[in-house]
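Have a look at the structure below before the remarks.
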Amino acid sequence: MLFRSGGVNQALLDCINTTMVAGTTYQICGTYKVNSFCGSGSLGSQATDSSGSIPTPDRMCIGGYAPGTATAIFNGHLKSINYWPQRITNNETLAFAKI
């Protein structure tokens, strides 16, 4: 997961921590607030960052690494997307990634 503000990376969280295999289902969950970022993956990995600002959102990119980047493009299917309007705990991100 990549969080950017003003064209500057604020947090880059590798919460899958493995080479993805075609035909395999993966789940991720991410949460953030100022100076508190967490990403968790269904394989039990979790990444955190305790420093970073929050942008004023104008888009959500699903399927690409970063705007204008031609590598690490998503090539699969999304089963669902859930949204919580508040920062959930790090333990909750891990639990939701394993559902």
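Starting from 1 in every chain, residues are counted up; chains themselves are A, B, ... following the order of the structure tokens, and ligands are numbered from 1 as listed.
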
Env of Thr31 (chain A): 7 Å cut, atoms = only C-alpha atoms, seq-sep filter 6 positions within chain, self excluded. Answer as a PDB file with C-alpha atoms, in the first residue's frame.
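selection-v3.pdb, freshly written:
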ATOM      1  CA  PHE A  37      -0.300   3.652   9.181  1.00  0.00           C
ATOM      2  CA  CYS A  38      -0.861  -0.110   9.169  1.00  0.00           C
ATOM      3  CA  GLY A  39      -1.302  -2.708   6.449  1.00  0.00           C
ATOM      4  CA  ARG A  87      -8.815   4.397  11.918  1.00  0.00           C
ATOM      5  CA  ILE A  88      -9.198   0.781  13.063  1.00  0.00           C
TER       6      ILE A  88
END

Selection near Met1 (chain A), 12 Å with only C-alpha atoms, sequence-local residues under 4 positions removed, as a PyMOL selection string:
chain A and resi 9-17+28-32+37-41+46-49+60-66+72

Which one is closest to Ile54 (chain A): A:Leu78, A:Ala95, A:Leu2, A:Val34? Count only C-alpha atoms.
A:Val34

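Taking region 35-95 of chain A and asking which residues DSSP calls alpha helix (DSSP H) on the backbone, you get Asn90, Asn91, Glu92, Thr93, Leu94 and Ala95 of chain A.
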
Could you please determine the separation between CA of Ser50 (chain A) and CA of Val8 (chain A) in Å, to one decimal place?
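Going from CA of Ser50 (chain A) over to CA of Val8 (chain A) covers 15.9 Å.
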
Run DSSP on the backbone and grab whatever in chain A lands in strand (DSSP E); send it over as a ChimeraX atom specification.
/A:2-5,8-12,28-33,36-41,46-49

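The spacing separating CA of Thr93 (chain A) from CA of Phe3 (chain A) amounts to 16.3 Å.
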
Top pick for closest residue to Lys79 (chain A), considering A:Val21, A:Ser36, A:Leu94, A:Tyr26 and counting only C-alpha atoms:
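Looking at the shortest contact to Lys79 (chain A), the residue is A:Tyr26.
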
Nearest-residue call for Ala22 (chain A), choices A:Gly44, A:Ser51, A:Thr56, A:Asn75, using only C-alpha atoms:
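Ranking A:Gly44, A:Ser51, A:Thr56, A:Asn75 by distance to Ala22 (chain A), first place goes to A:Asn75.
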
With distances taken over only C-alpha atoms, which of A:Asn35, A:Thr89, A:Thr25, A:Ser53 is nearest to His77 (chain A)?
A:Thr25

Would you work out the distance separating CA of Ser42 (chain A) from CA of Glu92 (chain A), expressed in Å to one decimal?
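These atoms are spaced 12.3 Å apart.
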